[in-house]
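Peer 1: protein25.json (JSON, C-alpha atoms and all ligand atoms) pasted underneath:
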[["chain", "number", "residue", "atom", "x", "y", "z"],
["A", 1, "MET", "CA", 82.84, 98.96, 39.56],
["A", 2, "ILE", "CA", 81.58, 95.73, 41.12],
["A", 3, "ALA", "CA", 78.67, 95.81, 43.57],
["A", 4, "ILE", "CA", 78.18, 92.84, 45.90],
["A", 5, "ASP", "CA", 75.04, 92.73, 48.05],
["A", 6, "GLY", "CA", 73.44, 90.15, 50.28],
["A", 7, "PRO", "CA", 72.22, 89.36, 53.78],
["A", 8, "ALA", "CA", 74.36, 89.17, 56.94],
["A", 9, "ALA", "CA", 77.13, 86.54, 56.88],
["A", 10, "SER", "CA", 76.52, 85.56, 53.26],
["A", 11, "GLY", "CA", 80.27, 85.78, 52.61],
["A", 12, "LYS", "CA", 80.26, 89.29, 51.10],
["A", 13, "GLY", "CA", 83.32, 90.50, 53.02],
["A", 14, "THR", "CA", 85.59, 87.57, 52.21],
["A", 15, "ILE", "CA", 84.51, 87.42, 48.58],
["A", 16, "ALA", "CA", 84.59, 91.18, 47.92],
["A", 17, "GLN", "CA", 88.04, 91.58, 49.52],
["A", 18, "SER", "CA", 89.52, 88.71, 47.52],
["A", 19, "VAL", "CA", 88.00, 89.94, 44.26],
["A", 20, "ALA", "CA", 89.34, 93.45, 44.95],
["A", 21, "ALA", "CA", 92.82, 92.06, 45.72],
["A", 22, "ALA", "CA", 92.83, 89.91, 42.56],
["A", 23, "LEU", "CA", 91.94, 92.91, 40.37],
["A", 24, "GLY", "CA", 94.04, 95.47, 42.26],
["A", 25, "TYR", "CA", 90.85, 97.45, 43.00],
["A", 26, "ARG", "CA", 89.84, 99.38, 46.10],
["A", 27, "TYR", "CA", 87.42, 97.79, 48.56],
["A", 28, "LEU", "CA", 84.47, 99.31, 50.39],
["A", 29, "ASP", "CA", 82.82, 97.56, 53.35],
["A", 30, "SER", "CA", 79.71, 99.76, 53.57],
["A", 31, "GLY", "CA", 78.37, 97.83, 56.58],
["A", 32, "ALA", "CA", 81.39, 99.08, 58.55],
["A", 33, "LEU", "CA", 80.08, 102.64, 58.15],
["A", 34, "TYR", "CA", 76.73, 101.72, 59.74],
["A", 35, "ARG", "CA", 78.61, 99.83, 62.45],
["A", 36, "LEU", "CA", 80.78, 102.90, 63.13],
["A", 37, "VAL", "CA", 77.69, 105.08, 63.58],
["A", 38, "ALA", "CA", 76.23, 102.42, 65.90],
["A", 39, "LEU", "CA", 79.41, 102.20, 67.97],
["A", 40, "GLU", "CA", 79.67, 105.97, 68.35],
["A", 41, "ALA", "CA", 75.96, 106.21, 69.20],
["A", 42, "THR", "CA", 76.48, 103.66, 71.98],
["A", 43, "ARG", "CA", 79.52, 105.52, 73.30],
["A", 44, "GLN", "CA", 77.73, 108.87, 73.22],
["A", 45, "LYS", "CA", 74.48, 107.35, 74.55],
["A", 46, "VAL", "CA", 72.41, 108.48, 71.56],
["A", 47, "ALA", "CA", 69.07, 106.64, 71.29],
["A", 48, "THR", "CA", 68.47, 104.46, 68.20],
["A", 49, "ASP", "CA", 65.44, 106.57, 67.21],
["A", 50, "ASP", "CA", 67.12, 109.99, 67.56],
["A", 51, "GLU", "CA", 67.46, 110.47, 63.79],
["A", 52, "PRO", "CA", 68.78, 114.08, 63.76],
["A", 53, "ARG", "CA", 71.57, 113.32, 66.24],
["A", 54, "LEU", "CA", 72.47, 110.03, 64.56],
["A", 55, "ALA", "CA", 72.62, 111.74, 61.15],
["A", 56, "ALA", "CA", 74.82, 114.50, 62.60],
["A", 57, "LEU", "CA", 77.02, 111.84, 64.15],
["A", 58, "ALA", "CA", 77.32, 110.03, 60.77],
["A", 59, "ASP", "CA", 78.22, 113.34, 59.10],
["A", 60, "GLY", "CA", 80.86, 114.24, 61.65],
["A", 61, "LEU", "CA", 82.69, 110.89, 62.03],
["A", 62, "ASP", "CA", 86.43, 111.45, 61.80],
["A", 63, "LEU", "CA", 87.34, 108.24, 59.94],
["A", 64, "SER", "CA", 90.57, 106.89, 58.61],
["A", 65, "PHE", "CA", 91.50, 103.54, 57.06],
["A", 66, "GLY", "CA", 94.85, 101.79, 56.79],
["A", 67, "ASP", "CA", 96.29, 98.28, 56.59],
["A", 68, "GLY", "CA", 92.85, 96.73, 56.91],
["A", 69, "ARG", "CA", 92.20, 98.69, 60.14],
["A", 70, "ILE", "CA", 89.53, 101.33, 60.79],
["A", 71, "PHE", "CA", 90.11, 104.34, 63.04],
["A", 72, "VAL", "CA", 87.68, 106.84, 64.57],
["A", 73, "SER", "CA", 89.40, 109.99, 65.76],
["A", 74, "GLY", "CA", 92.67, 108.04, 65.64],
["A", 75, "GLN", "CA", 91.41, 105.14, 67.77],
["A", 76, "ASP", "CA", 91.48, 101.62, 66.28],
["A", 77, "VAL", "CA", 87.89, 100.30, 66.35],
["A", 78, "THR", "CA", 88.29, 97.44, 63.85],
["A", 79, "ASP", "CA", 87.40, 94.74, 66.39],
["A", 80, "ALA", "CA", 84.96, 96.81, 68.45],
["A", 81, "ILE", "CA", 82.59, 97.29, 65.48],
["A", 82, "ARG", "CA", 82.30, 93.51, 64.97],
["A", 83, "ALA", "CA", 80.70, 92.81, 68.37],
["A", 84, "GLU", "CA", 77.20, 91.30, 68.13],
["A", 85, "GLY", "CA", 75.67, 94.21, 70.08],
["A", 86, "VAL", "CA", 77.04, 96.62, 67.48],
["A", 87, "SER", "CA", 75.65, 94.42, 64.66],
["A", 88, "ALA", "CA", 72.14, 94.64, 66.10],
["A", 89, "MET", "CA", 72.43, 98.39, 66.69],
["A", 90, "ALA", "CA", 73.81, 98.93, 63.15],
["A", 91, "SER", "CA", 70.76, 97.37, 61.55],
["A", 92, "LYS", "CA", 68.59, 99.73, 63.66],
["A", 93, "VAL", "CA", 70.41, 102.94, 62.74],
["A", 94, "ALA", "CA", 70.47, 101.76, 59.08],
["A", 95, "ILE", "CA", 66.67, 102.08, 58.98],
["A", 96, "LEU", "CA", 66.92, 105.87, 59.26],
["A", 97, "PRO", "CA", 66.87, 107.71, 55.89],
["A", 98, "ARG", "CA", 68.90, 110.69, 57.18],
["A", 99, "VAL", "CA", 71.67, 108.38, 58.40],
["A", 100, "ARG", "CA", 71.74, 106.67, 55.00],
["A", 101, "THR", "CA", 71.91, 110.02, 53.19],
["A", 102, "ALA", "CA", 74.72, 111.20, 55.46],
["A", 103, "LEU", "CA", 76.75, 108.09, 54.57],
["A", 104, "LEU", "CA", 76.12, 108.30, 50.82],
["A", 105, "THR", "CA", 78.85, 110.86, 50.02],
["A", 106, "ARG", "CA", 81.41, 108.88, 52.04],
["A", 107, "GLN", "CA", 80.57, 105.77, 50.02],
["A", 108, "HIS", "CA", 80.77, 107.57, 46.66],
["A", 109, "ALA", "CA", 84.22, 108.90, 47.63],
["A", 110, "PHE", "CA", 85.61, 105.34, 47.51],
["A", 111, "ARG", "CA", 85.00, 105.16, 43.76],
["A", 112, "ALA", "CA", 88.36, 105.85, 42.12],
["A", 113, "PRO", "CA", 90.65, 104.31, 39.48],
["A", 114, "PRO", "CA", 91.53, 101.58, 38.81],
["A", 115, "GLY", "CA", 88.22, 100.36, 40.24],
["A", 116, "LEU", "CA", 86.16, 99.54, 43.29],
["A", 117, "VAL", "CA", 84.53, 96.46, 44.77],
["A", 118, "ALA", "CA", 81.81, 97.60, 47.17],
["A", 119, "GLU", "CA", 79.78, 95.31, 49.41],
["A", 120, "GLY", "CA", 76.66, 95.85, 51.48],
["A", 121, "ARG", "CA", 72.89, 95.79, 51.14],
["A", 122, "ASP", "CA", 72.16, 98.52, 48.57],
["A", 123, "MET", "CA", 75.36, 98.82, 46.53],
["A", 124, "GLY", "CA", 73.74, 97.70, 43.26],
["A", 125, "THR", "CA", 70.33, 99.24, 43.90],
["A", 126, "VAL", "CA", 70.99, 102.67, 45.45],
["A", 127, "VAL", "CA", 74.64, 103.65, 46.00],
["A", 128, "PHE", "CA", 76.21, 102.45, 42.72],
["A", 129, "PRO", "CA", 73.23, 101.62, 40.46],
["A", 130, "ASP", "CA", 75.47, 101.91, 37.37],
["A", 131, "ALA", "CA", 77.96, 99.25, 38.59],
["A", 132, "ARG", "CA", 79.40, 97.19, 35.74],
["A", 133, "LEU", "CA", 78.77, 93.93, 37.59],
["A", 134, "LYS", "CA", 76.20, 93.31, 40.32],
["A", 135, "ILE", "CA", 76.30, 90.16, 42.42],
["A", 136, "TYR", "CA", 73.69, 89.17, 44.98],
["A", 137, "LEU", "CA", 75.13, 86.64, 47.40],
["A", 138, "THR", "CA", 72.86, 84.48, 49.47],
["A", 139, "ALA", "CA", 72.90, 81.36, 51.69],
["A", 140, "THR", "CA", 70.44, 79.77, 54.10],
["A", 141, "ALA", "CA", 70.14, 81.43, 57.53],
["A", 142, "GLU", "CA", 71.48, 78.20, 59.11],
["A", 143, "ALA", "CA", 74.63, 78.19, 56.93],
["A", 144, "ARG", "CA", 75.19, 81.89, 57.68],
["A", 145, "ALA", "CA", 74.73, 81.41, 61.44],
["A", 146, "SER", "CA", 77.18, 78.53, 61.41],
["A", 147, "ARG", "CA", 79.81, 80.63, 59.56],
["A", 148, "ARG", "CA", 79.39, 83.57, 61.93],
["A", 149, "TYR", "CA", 79.60, 81.15, 64.89],
["A", 150, "LYS", "CA", 82.98, 79.85, 63.73],
["A", 151, "GLN", "CA", 84.31, 83.39, 63.23],
["A", 152, "LEU", "CA", 83.17, 84.59, 66.65],
["A", 153, "ILE", "CA", 84.29, 81.49, 68.55],
["A", 154, "ASP", "CA", 87.73, 81.78, 66.93],
["A", 155, "LYS", "CA", 87.91, 85.31, 68.34],
["A", 156, "GLY", "CA", 87.12, 84.04, 71.83],
["A", 157, "ASN", "CA", 83.46, 85.18, 72.06],
["A", 158, "SER", "CA", 81.01, 83.12, 74.08],
["A", 159, "ILE", "CA", 77.83, 82.73, 72.03],
["A", 160, "THR", "CA", 75.40, 80.00, 71.01],
["A", 161, "ILE", "CA", 74.49, 79.04, 67.48],
["A", 162, "GLN", "CA", 70.78, 79.26, 68.34],
["A", 163, "GLY", "CA", 71.22, 82.85, 69.55],
["A", 164, "LEU", "CA", 73.12, 83.74, 66.39],
["A", 165, "LEU", "CA", 70.45, 82.18, 64.17],
["A", 166, "ARG", "CA", 67.78, 84.22, 65.95],
["A", 167, "ASP", "CA", 69.85, 87.43, 65.59],
["A", 168, "ILE", "CA", 70.49, 86.78, 61.90],
["A", 169, "ARG", "CA", 66.77, 86.21, 61.25],
["A", 170, "GLU", "CA", 65.87, 89.41, 63.11],
["A", 171, "ARG", "CA", 68.46, 91.41, 61.14],
["A", 172, "ASP", "CA", 67.32, 89.88, 57.83],
["A", 173, "GLU", "CA", 63.81, 90.97, 58.66],
["A", 174, "ARG", "CA", 64.84, 94.55, 59.60],
["A", 175, "ASP", "CA", 67.17, 94.91, 56.59],
["A", 176, "SER", "CA", 64.50, 93.70, 54.13],
["A", 177, "VAL", "CA", 61.33, 95.37, 55.36],
["A", 178, "ARG", "CA", 62.68, 98.87, 56.04],
["A", 179, "ALA", "CA", 61.39, 101.63, 53.74],
["A", 180, "ALA", "CA", 64.80, 103.22, 53.04],
["A", 181, "ALA", "CA", 66.99, 101.21, 50.65],
["A", 182, "PRO", "CA", 65.79, 97.76, 51.75],
["A", 183, "LEU", "CA", 67.85, 94.68, 50.95],
["A", 184, "ARG", "CA", 66.61, 93.46, 47.59],
["A", 185, "ILE", "CA", 68.02, 91.87, 44.46],
["A", 186, "ALA", "CA", 68.80, 94.41, 41.71],
["A", 187, "ALA", "CA", 66.99, 93.55, 38.47],
["A", 188, "ASP", "CA", 70.33, 93.16, 36.68],
["A", 189, "ALA", "CA", 72.16, 91.26, 39.47],
["A", 190, "ILE", "CA", 73.56, 87.76, 39.21],
["A", 191, "VAL", "CA", 72.40, 85.66, 42.18],
["A", 192, "LEU", "CA", 74.99, 83.37, 43.75],
["A", 193, "ASP", "CA", 73.84, 80.90, 46.43],
["A", 194, "THR", "CA", 76.91, 80.08, 48.54],
["A", 195, "THR", "CA", 75.21, 77.63, 50.94],
["A", 196, "ASP", "CA", 77.19, 74.68, 49.59],
["A", 197, "MET", "CA", 80.05, 76.63, 48.05],
["A", 198, "ILE", "CA", 83.50, 77.23, 49.48],
["A", 199, "ALA", "CA", 84.71, 80.84, 49.36],
["A", 200, "ASP", "CA", 87.31, 80.15, 46.64],
["A", 201, "ALA", "CA", 84.63, 78.82, 44.29],
["A", 202, "ALA", "CA", 82.47, 81.92, 44.81],
["A", 203, "ILE", "CA", 85.48, 84.22, 44.26],
["A", 204, "ALA", "CA", 86.37, 82.40, 41.03],
["A", 205, "CYS", "CA", 82.77, 82.69, 39.88],
["A", 206, "VAL", "CA", 82.64, 86.48, 40.44],
["A", 207, "LEU", "CA", 85.99, 86.98, 38.69],
["A", 208, "GLN", "CA", 84.82, 84.87, 35.75],
["A", 209, "GLN", "CA", 81.63, 86.92, 35.40],
["A", 210, "TYR", "CA", 83.64, 90.14, 35.50],
["A", 211, "GLN", "CA", 86.18, 88.94, 32.95],
["A", 212, "ALA", "CA", 83.35, 87.84, 30.64],
["A", 213, "LEU", "CA", 81.76, 91.30, 30.91],
["A", 214, "THR", "CA", 85.06, 93.12, 30.37],
["A", 215, "ALA", "CA", 85.88, 90.94, 27.35],
["A", 216, "ALA", "CA", 82.41, 91.54, 25.89],
["A", 217, "GLY", "CA", 82.80, 95.31, 26.51],
["A", 218, "ALA", "CA", 86.19, 95.35, 24.79],
["A", 219, "ALA", "CA", 84.86, 93.42, 21.78],
["A", 220, "GLY", "CA", 81.62, 95.39, 21.42],
["A", 221, "PRO", "CA", 80.93, 98.77, 19.79],
["A", 222, "ALA", "CA", 82.70, 101.78, 21.33],
["A", 301, "LIG", "O1", 77.25, 93.92, 56.40],
["A", 301, "LIG", "P1", 77.20, 94.18, 57.90],
["A", 301, "LIG", "O2", 76.66, 93.03, 58.68],
["A", 301, "LIG", "O3", 78.51, 94.66, 58.45],
["A", 301, "LIG", "O4", 76.17, 95.41, 58.08],
["A", 301, "LIG", "C1", 75.79, 95.91, 59.32],
["A", 301, "LIG", "C2", 74.37, 96.49, 59.24],
["A", 301, "LIG", "O5", 74.43, 97.67, 58.42],
["A", 301, "LIG", "C3", 73.34, 95.59, 58.60],
["A", 301, "LIG", "O6", 72.44, 95.05, 59.55],
["A", 301, "LIG", "C4", 72.55, 96.45, 57.68],
["A", 301, "LIG", "C5", 73.31, 97.71, 57.55],
["A", 301, "LIG", "N1", 73.77, 97.97, 56.19],
["A", 301, "LIG", "C6", 72.94, 98.66, 55.36],
["A", 301, "LIG", "O7", 71.82, 98.98, 55.74],
["A", 301, "LIG", "N2", 73.35, 99.00, 54.11],
["A", 301, "LIG", "C7", 74.57, 98.65, 53.68],
["A", 301, "LIG", "N3", 74.96, 98.99, 52.45],
["A", 301, "LIG", "C8", 75.43, 97.90, 54.51],
["A", 301, "LIG", "C9", 74.99, 97.56, 55.77]]
Let's see the structure in the file written out as C-alpha cells.
Ligand code: DC
Peer 2:
Amino acid sequence: MIAIDGPAASGKGTIAQSVAAALGYRYLDSGALYRLVALEATRQKVATDDEPRLAALADGLDLSFGDGRIFVSGQDVTDAIRAEGVSAMASKVAILPRVRTALLTRQHAFRAPPGLVAEGRDMGTVVFPDARLKIYLTATAEARASRRYKQLIDKGNSITIQGLLRDIRERDERDSVRAAAPLRIAADAIVLDTTDMIADAAIACVLQQYQALTAAGAAGPA
C-alpha cells in the first residue's frame, strides 16, 4: 500500500498512476470521488452546504470504472469531472464530514492484492494510515498553476494563468484549514518537492523508496 498526498496539481495523478503501473498495483484517485459528488450535486441542484443530501448522494452514487474512464449510472463523466467549476465545488463538498465518511468505505474497497497506490489529501493520514510508504508531494503554487494551465489549454479550455493561480491558492486554503481530514503531512511521510523535477524523476524516486522499504522488510525479522 502506497499513499501519495499533496496539494492540487502537485503531480499526484501522473506519479501515482505510473508507480501503480510499474508495480502492477491498483490505482485510486480519491479526488475523483469528491469531484463525482460535486458534479452530481450540480446536476441535481443540491446546495454546497446541504450536508445530509450531499452525504446521501455520495452514498448512492452508482459508479463504475474501466479503461481509465469513470461512469456514473453508465454515463462517461471522465472529462466532465475535470472542469474547473467542478474542482472548486469538490473542495467545498470535501469540507463536510458526512460526505467524507460516506466516501470512506468506497476508498477502502480499492485495497486488494497485489497492492494499491492511492492518491489524494488524506490517504496517509486518515484513509490508509497503515500504508507501507507515504509520500507527500509538493510544488510552488506558481509551478502547479503553470502545469494545470498546460493541461487545460491542451484540452481546448479558455483560461488564464492568473485565474488558475488564484483558484489553486483558494483551494489550498480550503483543503488545509478545514476541520475534517485537512491536508497535512503525515508524521512518517517522505516529502518530495517536484517544483524543479520532471515527472519521470519523481516516479523513479518513489519506486526507489518503495523498493528500499520492501528490501528492508524482506531482510528484517519476520
Ligand atoms: O485531487 P483533486 O484536485 O482531484 O481533488 C479534488 C478536491 O477533492 C480537492 O479540492 C480536495 C478534495 N479531496 C479531498 O478532500 N480528499 C482527498 N483525499 C482527495 C481530494
Peer 1: Using all atoms listed in the file, find each protein or nucleic acid residue lying at most 9 Å from ligand LIG 301 (chain A); present the set as a PyMOL selection string.
Peer 2: chain A and resi 5-10+12-13+29-35+81-82+86-95+100+118-123+126-127+168+171-172+174-175+180-183
Peer 1: Those residues with C-alpha atoms, as a compact mmCIF listing (two decimals), keeping the file's coordinate frame please?
Peer 2:
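Contents of the output file result_6.txt:
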# COMPACT_ATOMS: atom_id res chain seq x y z
CA ASP A 5 75.04 92.73 48.05
CA GLY A 6 73.44 90.15 50.28
CA PRO A 7 72.22 89.36 53.78
CA ALA A 8 74.36 89.17 56.94
CA ALA A 9 77.13 86.54 56.88
CA SER A 10 76.52 85.56 53.26
CA LYS A 12 80.26 89.29 51.10
CA GLY A 13 83.32 90.50 53.02
CA ASP A 29 82.82 97.56 53.35
CA SER A 30 79.71 99.76 53.57
CA GLY A 31 78.37 97.83 56.58
CA ALA A 32 81.39 99.08 58.55
CA LEU A 33 80.08 102.64 58.15
CA TYR A 34 76.73 101.72 59.74
CA ARG A 35 78.61 99.83 62.45
CA ILE A 81 82.59 97.29 65.48
CA ARG A 82 82.30 93.51 64.97
CA VAL A 86 77.04 96.62 67.48
CA SER A 87 75.65 94.42 64.66
CA ALA A 88 72.14 94.64 66.10
CA MET A 89 72.43 98.39 66.69
CA ALA A 90 73.81 98.93 63.15
CA SER A 91 70.76 97.37 61.55
CA LYS A 92 68.59 99.73 63.66
CA VAL A 93 70.41 102.94 62.74
CA ALA A 94 70.47 101.76 59.08
CA ILE A 95 66.67 102.08 58.98
CA ARG A 100 71.74 106.67 55.00
CA ALA A 118 81.81 97.60 47.17
CA GLU A 119 79.78 95.31 49.41
CA GLY A 120 76.66 95.85 51.48
CA ARG A 121 72.89 95.79 51.14
CA ASP A 122 72.16 98.52 48.57
CA MET A 123 75.36 98.82 46.53
CA VAL A 126 70.99 102.67 45.45
CA VAL A 127 74.64 103.65 46.00
CA ILE A 168 70.49 86.78 61.90
CA ARG A 171 68.46 91.41 61.14
CA ASP A 172 67.32 89.88 57.83
CA ARG A 174 64.84 94.55 59.60
CA ASP A 175 67.17 94.91 56.59
CA ALA A 180 64.80 103.22 53.04
CA ALA A 181 66.99 101.21 50.65
CA PRO A 182 65.79 97.76 51.75
CA LEU A 183 67.85 94.68 50.95
Peer 1: Name the residues in contact with region 157-160 of chain A at a cut-off of 12 Å, using all atoms listed in the file, excluding same-chain residues fewer than 5 positions from it; report them as an MDAnalysis selection string.
Peer 2: chainID A and resid 79 82:85 145:146 148:152 165:167
Peer 1: Could you please determine the separation between CA of Pro114 (chain A) and CA of Arg26 (chain A) in Å, to one decimal place?
Peer 2: 7.8 Å
Peer 1: Quick one: pull the distance between CA of Ala204 (chain A) and CA of Ala16 (chain A), Å, one decimal.
Peer 2: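 Taking CA of Ala204 (chain A) and CA of Ala16 (chain A), their separation equals 11.3 Å.
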Peer 1: For Ala102 (chain A), find every residue with an atom within 12 Å (counting only C-alpha atoms), except residues of its own chain fewer than 5 positions away, and show them as a ChimeraX atom specification.
Peer 2: /A:33-34,37,51-61,93-94,96-97,107-108
Peer 1: Would you please work out which residue, of A:Arg111, A:Lys134, A:Arg106, A:Arg144, is nearest to Asp196 (chain A) when using only C-alpha atoms?
Peer 2: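 Ranked by minimum distance to Asp196 (chain A), first place goes to A:Arg144.
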Peer 1: Between A:Ser176, A:Thr214, A:Thr140, A:Gln209, which one has atoms that come closest to Met197 (chain A), using all atoms listed in the file?
Peer 2: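 Between A:Ser176, A:Thr214, A:Thr140, A:Gln209, the residue approaching Met197 (chain A) most closely is A:Thr140.
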Peer 1: My list of candidates is A:Arg178, A:Arg147, A:Arg132, A:Arg184. Which is closest to Ala3 (chain A) when distances are computed with all atoms listed in the file?
Peer 2: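 Of all the options, A:Arg132 lies closest to Ala3 (chain A).
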Peer 1: How far is it from CA of Asp193 (chain A) to CA of Tyr136 (chain A), in Å with one decimal?
Peer 2: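 These two atoms are separated by 8.4 Å.
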Peer 1: With 10 Å as the threshold, what does the neighbourhood of (90.6, 89.1, 41.3) contain in terms of residues, counting all atoms listed in the file? Coordinates are those of the file; answer as a list in words.
Peer 2: Ile15, Ala16, Gln17, Ser18, Val19, Ala20, Ala21, Ala22, Leu23, Gly24, Tyr25, Ile203, Ala204, Val206, Leu207, Gln208, Tyr210 and Gln211 of chain A
Peer 1: Which of these residues is nearest to Leu39 (chain A), using all atoms listed in the file: A:Ala112, A:Val72, A:Ala139, A:Leu192?
Peer 2: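 The shortest atom-to-atom distance to Leu39 (chain A) comes from A:Val72.
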Peer 1: Using only C-alpha atoms, can you tell me which of A:Leu213, A:Leu164, A:Met1, A:Val99 comes closest to Thr48 (chain A)?
Peer 2: A:Val99
Peer 1: Please, can region 52-68 of chain A be completed to N, CA and C atoms and returned as a PDB file, in the coordinates of the input?
Peer 2:
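result31.pdb, written as the output of this step:
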ATOM      1  N   PRO A  52      67.923 112.906  64.013  1.00  0.00           N
ATOM      2  CA  PRO A  52      68.780 114.080  63.760  1.00  0.00           C
ATOM      3  C   PRO A  52      70.170 113.932  64.369  1.00  0.00           C
ATOM      4  N   ARG A  53      70.251 113.443  65.592  1.00  0.00           N
ATOM      5  CA  ARG A  53      71.570 113.320  66.240  1.00  0.00           C
ATOM      6  C   ARG A  53      72.409 112.221  65.586  1.00  0.00           C
ATOM      7  N   LEU A  54      71.728 111.128  65.202  1.00  0.00           N
ATOM      8  CA  LEU A  54      72.470 110.030  64.560  1.00  0.00           C
ATOM      9  C   LEU A  54      72.997 110.472  63.190  1.00  0.00           C
ATOM     10  N   ALA A  55      72.179 111.251  62.463  1.00  0.00           N
ATOM     11  CA  ALA A  55      72.620 111.740  61.150  1.00  0.00           C
ATOM     12  C   ALA A  55      73.790 112.698  61.323  1.00  0.00           C
ATOM     13  N   ALA A  56      73.727 113.551  62.351  1.00  0.00           N
ATOM     14  CA  ALA A  56      74.820 114.500  62.600  1.00  0.00           C
ATOM     15  C   ALA A  56      76.086 113.731  62.971  1.00  0.00           C
ATOM     16  N   LEU A  57      75.888 112.682  63.738  1.00  0.00           N
ATOM     17  CA  LEU A  57      77.020 111.840  64.150  1.00  0.00           C
ATOM     18  C   LEU A  57      77.675 111.191  62.909  1.00  0.00           C
ATOM     19  N   ALA A  58      76.821 110.676  61.997  1.00  0.00           N
ATOM     20  CA  ALA A  58      77.320 110.030  60.770  1.00  0.00           C
ATOM     21  C   ALA A  58      78.091 111.050  59.920  1.00  0.00           C
ATOM     22  N   ASP A  59      77.584 112.265  59.867  1.00  0.00           N
ATOM     23  CA  ASP A  59      78.220 113.340  59.100  1.00  0.00           C
ATOM     24  C   ASP A  59      79.579 113.707  59.673  1.00  0.00           C
ATOM     25  N   GLY A  60      79.667 113.695  60.984  1.00  0.00           N
ATOM     26  CA  GLY A  60      80.860 114.240  61.650  1.00  0.00           C
ATOM     27  C   GLY A  60      81.933 113.212  61.975  1.00  0.00           C
ATOM     28  N   LEU A  61      81.696 111.926  61.664  1.00  0.00           N
ATOM     29  CA  LEU A  61      82.690 110.890  62.030  1.00  0.00           C
ATOM     30  C   LEU A  61      84.056 111.206  61.427  1.00  0.00           C
ATOM     31  N   ASP A  62      85.077 111.202  62.276  1.00  0.00           N
ATOM     32  CA  ASP A  62      86.430 111.450  61.800  1.00  0.00           C
ATOM     33  C   ASP A  62      87.080 110.086  61.525  1.00  0.00           C
ATOM     34  N   LEU A  63      86.913 109.610  60.287  1.00  0.00           N
ATOM     35  CA  LEU A  63      87.340 108.240  59.940  1.00  0.00           C
ATOM     36  C   LEU A  63      88.661 108.205  59.211  1.00  0.00           C
ATOM     37  N   SER A  64      89.417 107.151  59.462  1.00  0.00           N
ATOM     38  CA  SER A  64      90.570 106.890  58.610  1.00  0.00           C
ATOM     39  C   SER A  64      90.754 105.377  58.479  1.00  0.00           C
ATOM     40  N   PHE A  65      91.337 104.964  57.371  1.00  0.00           N
ATOM     41  CA  PHE A  65      91.500 103.540  57.060  1.00  0.00           C
ATOM     42  C   PHE A  65      92.963 103.281  56.740  1.00  0.00           C
ATOM     43  N   GLY A  66      93.460 102.125  57.153  1.00  0.00           N
ATOM     44  CA  GLY A  66      94.850 101.790  56.790  1.00  0.00           C
ATOM     45  C   GLY A  66      95.188 100.392  57.210  1.00  0.00           C
ATOM     46  N   ASP A  67      95.860  99.642  56.293  1.00  0.00           N
ATOM     47  CA  ASP A  67      96.290  98.280  56.590  1.00  0.00           C
ATOM     48  C   ASP A  67      95.163  97.397  57.082  1.00  0.00           C
ATOM     49  N   GLY A  68      93.989  97.549  56.512  1.00  0.00           N
ATOM     50  CA  GLY A  68      92.850  96.730  56.910  1.00  0.00           C
ATOM     51  C   GLY A  68      92.262  97.119  58.269  1.00  0.00           C
TER      52      GLY A  68
END
